[in-house]
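Chemist: Got a structure for you, upload-v2.tsv, holding TSV, C-alpha atoms.
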```tsv
chain	number	residue	atom	x	y	z
A	1	MET	CA	144.33	88.38	91.63
A	2	ARG	CA	141.53	89.17	89.25
A	3	ARG	CA	138.04	88.26	90.40
A	4	ASP	CA	135.42	86.67	88.19
A	5	ASP	CA	132.85	89.44	87.59
A	6	ALA	CA	130.10	86.86	87.08
A	7	ASN	CA	130.71	85.43	90.57
A	8	PRO	CA	132.51	88.11	92.60
A	9	GLU	CA	133.96	87.27	95.99
A	10	LEU	CA	133.40	89.68	98.85
A	11	ARG	CA	136.70	90.83	100.32
A	12	THR	CA	137.27	92.53	103.66
A	13	GLU	CA	138.72	95.59	101.95
A	14	ASP	CA	135.53	95.93	99.88
A	15	PHE	CA	133.38	96.16	103.03
A	16	ASP	CA	132.98	99.81	104.02
A	17	ARG	CA	131.21	99.25	107.33
A	18	ALA	CA	130.41	102.88	108.00
A	19	ARG	CA	128.79	103.45	104.64
A	20	VAL	CA	126.86	100.16	104.65
A	21	GLY	CA	125.73	100.74	108.24
A	22	ALA	CA	124.49	104.24	107.43
A	23	ARG	CA	122.58	102.95	104.40
A	24	LEU	CA	120.96	100.17	106.41
A	25	ASP	CA	119.99	102.58	109.21
A	26	ASP	CA	118.34	104.83	106.62
A	27	GLU	CA	116.45	101.89	105.14
A	28	ARG	CA	115.27	100.83	108.60
A	29	ARG	CA	114.01	104.34	109.32
A	30	ARG	CA	112.13	104.36	106.03
A	31	ALA	CA	110.58	100.97	106.83
A	32	GLY	CA	109.41	102.29	110.20
A	33	LEU	CA	107.98	105.37	108.52
A	34	LEU	CA	106.07	103.22	106.03
A	35	ALA	CA	104.30	101.48	108.92
A	36	ASP	CA	103.15	104.88	110.20
A	37	VAL	CA	102.10	105.87	106.66
A	38	ARG	CA	99.93	102.76	106.44
A	39	GLU	CA	98.22	103.62	109.72
A	40	ALA	CA	97.75	107.24	108.68
A	41	ILE	CA	96.18	106.33	105.33
A	42	PHE	CA	93.84	103.82	106.95
A	43	GLY	CA	92.81	106.22	109.71
A	44	ALA	CA	92.31	109.23	107.43
A	45	GLN	CA	90.28	107.28	104.89
A	46	ASP	CA	88.05	105.81	107.58
A	47	GLY	CA	87.60	109.23	109.18
A	48	LEU	CA	86.61	110.75	105.84
A	49	VAL	CA	84.21	108.06	104.70
A	50	SER	CA	82.49	107.21	107.98
A	51	THR	CA	81.99	110.85	108.96
A	52	LEU	CA	80.70	111.77	105.51
A	53	ALA	CA	78.17	108.93	105.72
A	54	VAL	CA	76.92	110.25	109.07
A	55	VAL	CA	76.65	113.94	108.11
A	56	SER	CA	75.07	113.12	104.74
A	57	THR	CA	72.47	110.88	106.33
A	58	VAL	CA	71.56	113.42	109.04
A	59	SER	CA	71.55	116.37	106.60
A	60	GLY	CA	69.14	114.51	104.34
A	61	ALA	CA	66.87	113.72	107.25
A	62	THR	CA	66.80	117.08	109.05
A	63	ASN	CA	67.81	119.93	106.69
A	64	ASP	CA	69.36	121.62	109.74
A	65	ARG	CA	73.08	122.26	110.27
A	66	TYR	CA	73.10	121.82	114.06
A	67	PRO	CA	72.03	118.17	114.19
A	68	VAL	CA	74.50	117.56	111.35
A	69	LEU	CA	77.35	119.15	113.29
A	70	ILE	CA	76.47	117.35	116.50
A	71	ALA	CA	76.20	114.00	114.71
A	72	GLY	CA	79.43	114.59	112.74
A	73	ILE	CA	81.45	115.66	115.77
A	74	ALA	CA	80.08	112.79	117.86
A	75	ALA	CA	80.90	110.30	115.10
A	76	GLY	CA	84.37	111.80	114.72
A	77	LEU	CA	85.16	111.65	118.44
A	78	ALA	CA	83.82	108.11	118.73
A	79	GLY	CA	85.87	107.08	115.71
A	80	ILE	CA	89.06	108.64	117.06
A	81	PHE	CA	88.92	106.73	120.32
A	82	SER	CA	87.62	103.55	118.71
A	83	MET	CA	90.29	103.44	116.00
A	84	ALA	CA	93.10	104.39	118.39
A	85	ALA	CA	92.01	101.80	120.95
A	86	GLY	CA	91.63	99.14	118.28
A	87	GLU	CA	95.08	99.85	116.88
A	88	TYR	CA	96.61	99.86	120.35
A	89	LEU	CA	95.05	96.54	121.33
A	90	SER	CA	95.91	94.96	117.98
A	91	SER	CA	99.54	96.11	118.11
A	92	LYS	CA	99.88	95.14	121.78
A	93	SER	CA	98.48	91.66	121.10
A	94	GLN	CA	100.81	91.20	118.14
A	95	ARG	CA	103.76	92.36	120.25
A	96	GLU	CA	102.88	89.95	123.05
A	97	ILE	CA	102.57	87.06	120.59
A	98	SER	CA	105.92	87.96	119.02
A	99	LEU	CA	107.62	88.18	122.43
A	100	ALA	CA	106.20	84.77	123.37
A	101	GLN	CA	107.51	83.24	120.12
A	102	ILE	CA	110.92	84.84	120.64
A	103	GLY	CA	110.99	83.58	124.23
A	104	GLU	CA	110.27	80.01	123.12
A	105	GLU	CA	112.98	80.16	120.46
A	106	ARG	CA	115.47	81.71	122.89
A	107	GLU	CA	114.94	78.82	125.28
A	108	LYS	CA	115.42	76.32	122.46
A	109	VAL	CA	118.63	78.03	121.40
A	110	ALA	CA	119.91	77.82	124.98
A	111	ARG	CA	118.87	74.21	125.61
A	112	ARG	CA	118.79	72.55	122.18
A	113	PRO	CA	120.91	74.63	119.77
A	114	GLN	CA	121.46	71.77	117.34
A	115	GLU	CA	117.71	71.35	116.93
A	116	VAL	CA	117.41	75.04	116.07
A	117	GLN	CA	120.28	74.74	113.57
A	118	VAL	CA	118.59	71.81	111.84
A	119	GLU	CA	115.30	73.72	111.64
A	120	LEU	CA	117.06	76.78	110.23
A	121	ALA	CA	118.89	74.62	107.69
A	122	HIS	CA	115.56	73.18	106.59
A	123	ILE	CA	114.13	76.68	106.16
A	124	LEU	CA	117.16	77.77	104.13
A	125	GLU	CA	116.88	74.65	102.00
A	126	GLU	CA	113.22	75.49	101.32
A	127	ASP	CA	114.43	78.92	100.18
A	128	GLY	CA	116.63	77.30	97.55
A	129	LEU	CA	120.01	76.66	99.17
A	130	PRO	CA	121.55	73.25	98.49
A	131	SER	CA	121.36	70.94	101.49
A	132	ASP	CA	125.08	71.04	102.25
A	133	ASP	CA	125.22	74.83	102.03
A	134	ALA	CA	122.13	75.20	104.20
A	135	LEU	CA	123.64	72.99	106.90
A	136	ALA	CA	126.95	74.85	106.68
A	137	VAL	CA	125.27	78.25	107.06
A	138	ALA	CA	123.16	77.03	109.99
A	139	ALA	CA	126.24	75.53	111.67
A	140	LEU	CA	128.14	78.80	111.23
A	141	MET	CA	125.30	80.75	112.82
A	142	GLY	CA	125.17	78.19	115.61
A	143	ARG	CA	128.53	79.49	116.82
A	144	HIS	CA	126.83	82.80	117.60
A	145	ARG	CA	123.68	82.15	119.61
A	146	GLU	CA	122.14	85.61	119.22
A	147	VAL	CA	122.61	85.55	115.44
A	148	LEU	CA	121.08	82.08	115.34
A	149	LEU	CA	118.09	83.29	117.37
A	150	ASN	CA	117.55	86.43	115.30
A	151	THR	CA	117.76	84.59	111.99
A	152	LYS	CA	115.53	81.71	113.09
A	153	VAL	CA	112.83	84.03	114.45
A	154	LEU	CA	112.93	86.26	111.38
A	155	ARG	CA	112.82	83.40	108.88
A	156	GLN	CA	110.15	81.36	110.70
A	157	TYR	CA	107.84	84.04	112.08
A	158	GLY	CA	108.73	87.11	110.02
A	159	VAL	CA	109.52	89.04	113.20
A	160	ALA	CA	112.72	90.91	114.02
A	161	VAL	CA	113.72	90.67	117.68
A	162	GLU	CA	114.29	94.42	117.99
A	163	GLU	CA	110.92	95.21	116.37
A	164	ALA	CA	109.03	93.15	118.96
A	165	SER	CA	110.15	95.55	121.68
A	166	GLY	CA	108.44	98.57	120.11
A	167	SER	CA	105.58	100.44	121.75
A	168	PRO	CA	102.02	100.10	120.38
A	169	ILE	CA	101.22	103.64	121.57
A	170	GLN	CA	102.78	105.28	118.51
A	171	GLY	CA	100.56	103.39	116.07
A	172	ALA	CA	97.48	104.24	118.14
A	173	ALA	CA	98.41	107.92	118.19
A	174	VAL	CA	98.98	108.00	114.43
A	175	MET	CA	95.70	106.20	113.77
A	176	GLY	CA	93.68	108.48	116.05
A	177	ALA	CA	95.25	111.69	114.72
A	178	ALA	CA	94.75	110.62	111.10
A	179	PHE	CA	91.10	109.77	111.76
A	180	ALA	CA	90.58	113.18	113.39
A	181	LEU	CA	92.10	115.04	110.44
A	182	GLY	CA	90.09	112.97	108.00
A	183	ALA	CA	86.84	113.64	109.87
A	184	LEU	CA	87.33	117.40	109.55
A	185	ALA	CA	86.82	117.51	105.77
A	186	PRO	CA	83.12	116.42	105.78
A	187	ILE	CA	82.30	118.58	108.84
A	188	LEU	CA	83.99	121.92	108.07
A	189	PRO	CA	81.68	122.92	105.18
A	190	TYR	CA	78.72	122.86	107.59
A	191	LEU	CA	80.56	125.32	109.84
A	192	ILE	CA	81.47	127.92	107.24
A	193	LEU	CA	78.99	127.58	104.34
A	194	PRO	CA	75.22	127.90	103.93
A	195	PHE	CA	73.48	124.61	104.56
A	196	GLY	CA	72.40	124.03	100.97
A	197	VAL	CA	75.94	124.56	99.69
A	198	ALA	CA	77.57	122.66	102.55
A	199	VAL	CA	75.77	119.43	101.62
A	200	TYR	CA	77.57	119.30	98.28
A	201	ALA	CA	80.79	120.93	99.48
A	202	SER	CA	81.15	118.19	102.11
A	203	VAL	CA	81.08	115.50	99.44
A	204	VAL	CA	83.47	117.41	97.18
A	205	ALA	CA	85.90	118.11	100.02
A	206	THR	CA	85.90	114.46	101.05
A	207	ALA	CA	86.50	113.31	97.48
A	208	ALA	CA	89.31	115.83	97.04
A	209	VAL	CA	91.08	114.74	100.22
A	210	LEU	CA	90.70	111.05	99.32
A	211	PHE	CA	92.25	111.73	95.93
A	212	ALA	CA	95.05	113.75	97.56
A	213	ILE	CA	95.81	110.86	99.93
A	214	GLY	CA	96.23	108.56	96.95
A	215	VAL	CA	98.57	111.03	95.27
A	216	VAL	CA	100.69	111.59	98.39
A	217	LYS	CA	100.93	107.83	98.97
A	218	THR	CA	102.87	107.45	95.71
A	219	ARG	CA	105.87	109.12	97.33
A	220	TRP	CA	106.52	105.75	98.97
A	221	THR	CA	104.74	103.32	96.65
A	222	HIS	CA	106.04	104.72	93.32
A	223	VAL	CA	102.69	104.07	91.64
A	224	HIS	CA	101.36	106.59	89.10
A	225	PRO	CA	99.83	109.45	91.15
A	226	ILE	CA	96.64	109.77	89.08
A	227	TRP	CA	95.83	106.07	89.23
A	228	SER	CA	96.65	105.91	92.93
A	229	GLY	CA	94.36	108.89	93.60
A	230	ILE	CA	91.55	107.35	91.56
A	231	GLU	CA	91.96	104.03	93.39
A	232	ILE	CA	91.68	105.60	96.86
A	233	LEU	CA	88.77	107.78	95.70
A	234	ALA	CA	86.91	104.81	94.19
A	235	ILE	CA	87.37	102.65	97.28
A	236	GLY	CA	86.31	105.52	99.53
A	237	ALA	CA	83.27	106.25	97.38
A	238	LEU	CA	82.21	102.59	97.44
A	239	ALA	CA	82.61	102.45	101.22
A	240	GLY	CA	80.65	105.70	101.56
A	241	ILE	CA	77.80	104.45	99.38
A	242	VAL	CA	77.58	101.20	101.33
A	243	GLY	CA	77.71	103.10	104.62
A	244	TYR	CA	75.01	105.51	103.48
A	245	PHE	CA	72.84	102.61	102.35
A	246	PHE	CA	73.03	100.79	105.66
A	247	GLY	CA	72.65	104.00	107.63
A	248	SER	CA	69.79	105.55	105.69
A	249	VAL	CA	68.10	103.48	103.00
A	250	LEU	CA	68.06	100.14	104.80
A	251	PRO	CA	66.35	101.45	108.00
A	252	THR	CA	63.70	103.09	105.82
A	253	LEU	CA	63.09	99.81	103.98
A	254	LEU	CA	62.75	98.06	107.31
A	255	GLY	CA	60.17	100.61	108.48
A	256	ALA	CA	62.34	102.45	111.00
A	257	PRO	CA	61.40	106.09	111.62
A	258	THR	CA	63.70	108.70	110.08
A	259	VAL	CA	65.61	111.26	112.13
A	260	GLY	CA	63.32	114.11	112.96
A	261	GLY	CA	60.38	112.14	111.59
```
In C-alpha cells, how does this file's structure come out?

Modeler:
Amino acid sequence: MRRDDANPELRTEDFDRARVGARLDDERRRAGLLADVREAIFGAQDGLVSTLAVVSTVSGATNDRYPVLIAGIAAGLAGIFSMAAGEYLSSKSQREISLAQIGEEREKVARRPQEVQVELAHILEEDGLPSDDALAVAALMGRHREVLLNTKVLRQYGVAVEEASGSPIQGAAVMGAAFALGALAPILPYLILPFGVAVYASVVATAAVLFAIGVVKTRWTHVHPIWSGIEILAIGALAGIVGYFFGSVLPTLLGAPTVGG
C-alpha cells in the first residue's frame, strides 16, 4: 500500500530502535555538555573581568607589582569559592524544588490519575492539538503511569524526571575551575613582565581571552565567530569599566582614601 507522502504514517518496520536510540543518547549528551559550557563561559568571563578590575585598580593606586599580585590572587581565590558555592546552592535548590514538584505529581498520578490526564489534555490543547486528540493522547498515556508522570512534569514544569536526580557538584566544579582559569589572564602578566608593560598586557590578555571565548562558543551556538567574539568582548569590557568605576573612581568621588595613600 502506497503511503501519502504529505501525511506519512509511521510503521513498525520503519522504526529502527537501535539507530533512533543511539541518536537520542547522543543528543542528550550534547544537551548535558551545553549546560557545562554555559557554566564555563559564565565563570571564565566573571573571572576575567572581576580580576582585571581588581588588578587594574590596585596597579593604578600603588605602582607596585606585589600589592597587585596579592590583590589579584586574593580576588581570584575569593571568586572561585564564591562562584562555586553560589552555583552549588543554586543548583541544589533547583533540584530540591524539582524533586518536590515531581513528588506532588507522582502522588496525584497514583491517587487521582484522571485528574492528571485532564490537566495534560488541557496542556496539549493549549499547544495546538484539537480537543478530541488531546484527550485521546492523555488517555493513552494514562494507561502507563510513569509515561503520564514524565510527560506531565515535563510539559508543566519543564523538568525531566531523570534530570532532577543529577548532582549539583559538577556545575559547581565547572564554575569554579572556569573562574580560576579566567582569573589567570589578568594576573600572569604581572608575574612575568615588567610592571609598566604588565599593566597594558593584562588588559590585552583579558580582551584576547574574552574574544576567544566568544569564538569557541560558536562551536555549539552556530553564530558567526567574529560577531560572537565581539559580543563577549563588548559585554566584558562594559562590565570591566563599570567594575573599575565603582572600585576606583566612585570611592575617590566620595572622599575615600586611595590604596597606599

Chemist: Applying 7 Å and all atoms listed in the file, which residues near region 136-146 of chain A remain after dropping the ones on its own chain fewer than 5 positions away? List them as number ranges by chain.

Modeler: A: 109, 113, 117, 120-121

Chemist: Between A:Gly72, A:Pro189, A:Gly182, A:Gly103, which has the minimum distance to Val153 (chain A) (counting all atoms listed in the file)?

Modeler: A:Gly103

Chemist: Residues at most 8 Å from region 85-87 of chain A, counting only C-alpha atoms, excluding those fewer than 6 positions away in the same chain, as a ChimeraX atom specification?

Modeler: /A:168,171-172,175

Chemist: Under the rule that all atoms listed in the file are counted, which of A:Ala40, A:Leu191, A:Val199, A:Ile169 is the nearest residue to Thr62 (chain A)?

Modeler: A:Val199

Chemist: To one decimal place in Å, what is the distance between CA of Val54 (chain A) and CA of Ala173 (chain A)?

Modeler: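 Distance between the two atoms: 23.5 Å.
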
Chemist: Would you work out the distance separating CA of Asn63 (chain A) from CA of Pro186 (chain A), expressed in Å to one decimal?

Modeler: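 If I compute the distance from CA of Asn63 (chain A) to CA of Pro186 (chain A), I get 15.7 Å.
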
Chemist: Please, what distance in Å, to one decimal, runs between CA of Ala205 (chain A) and CA of Ala78 (chain A)?

Modeler: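 Those two atoms sit 21.3 Å apart.
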
Chemist: Counting all atoms listed in the file, what are the residues of region 151-226 of chain A within 12 Å of region 124-133 of chain A, and for each of them which pair of atoms is the nearest and at what distance in Å, to one decimal? Sort the table by chain and rising number, as JSON lines.

Modeler:
```
{"residue": "A:Thr151", "atom": "CA", "partner": "A:Leu124", "partner_atom": "CA", "distance": 10.4}
{"residue": "A:Lys152", "atom": "CA", "partner": "A:Leu124", "partner_atom": "CA", "distance": 9.9}
{"residue": "A:Leu154", "atom": "CA", "partner": "A:Leu124", "partner_atom": "CA", "distance": 11.9}
{"residue": "A:Arg155", "atom": "CA", "partner": "A:Leu124", "partner_atom": "CA", "distance": 8.5}
{"residue": "A:Gln156", "atom": "CA", "partner": "A:Leu124", "partner_atom": "CA", "distance": 10.3}
```

Chemist: Kindly assemble as a tab-separated table a list of the region 194-213 of chain A residues that lie within 10 Å of region 41-53 of chain A, each paired with its nearest atom pair and their distance in Å to one decimal, using all atoms listed in the file, sorted first by chain and then by ascending residue number.

Modeler:
```
residue	atom	partner	partner_atom	distance
A:Val199	CA	A:Leu52	CA	9.9
A:Ser202	CA	A:Leu52	CA	7.3
A:Val203	CA	A:Leu52	CA	7.1
A:Ala205	CA	A:Leu48	CA	9.4
A:Thr206	CA	A:Leu48	CA	6.1
A:Ala207	CA	A:Leu48	CA	8.7
A:Val209	CA	A:Leu48	CA	8.2
A:Leu210	CA	A:Gln45	CA	6.7
A:Ile213	CA	A:Ile41	CA	7.1
```

Chemist: From the set A:Pro67, A:Gly60, A:Gly21, A:Gly236, which residue has the shortest atom-to-atom contact distance to Gly196 (chain A), counting all atoms listed in the file?

Modeler: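 Checking each of A:Pro67, A:Gly60, A:Gly21, A:Gly236 against Gly196 (chain A), counting all atoms listed in the file, the winner is A:Gly60.
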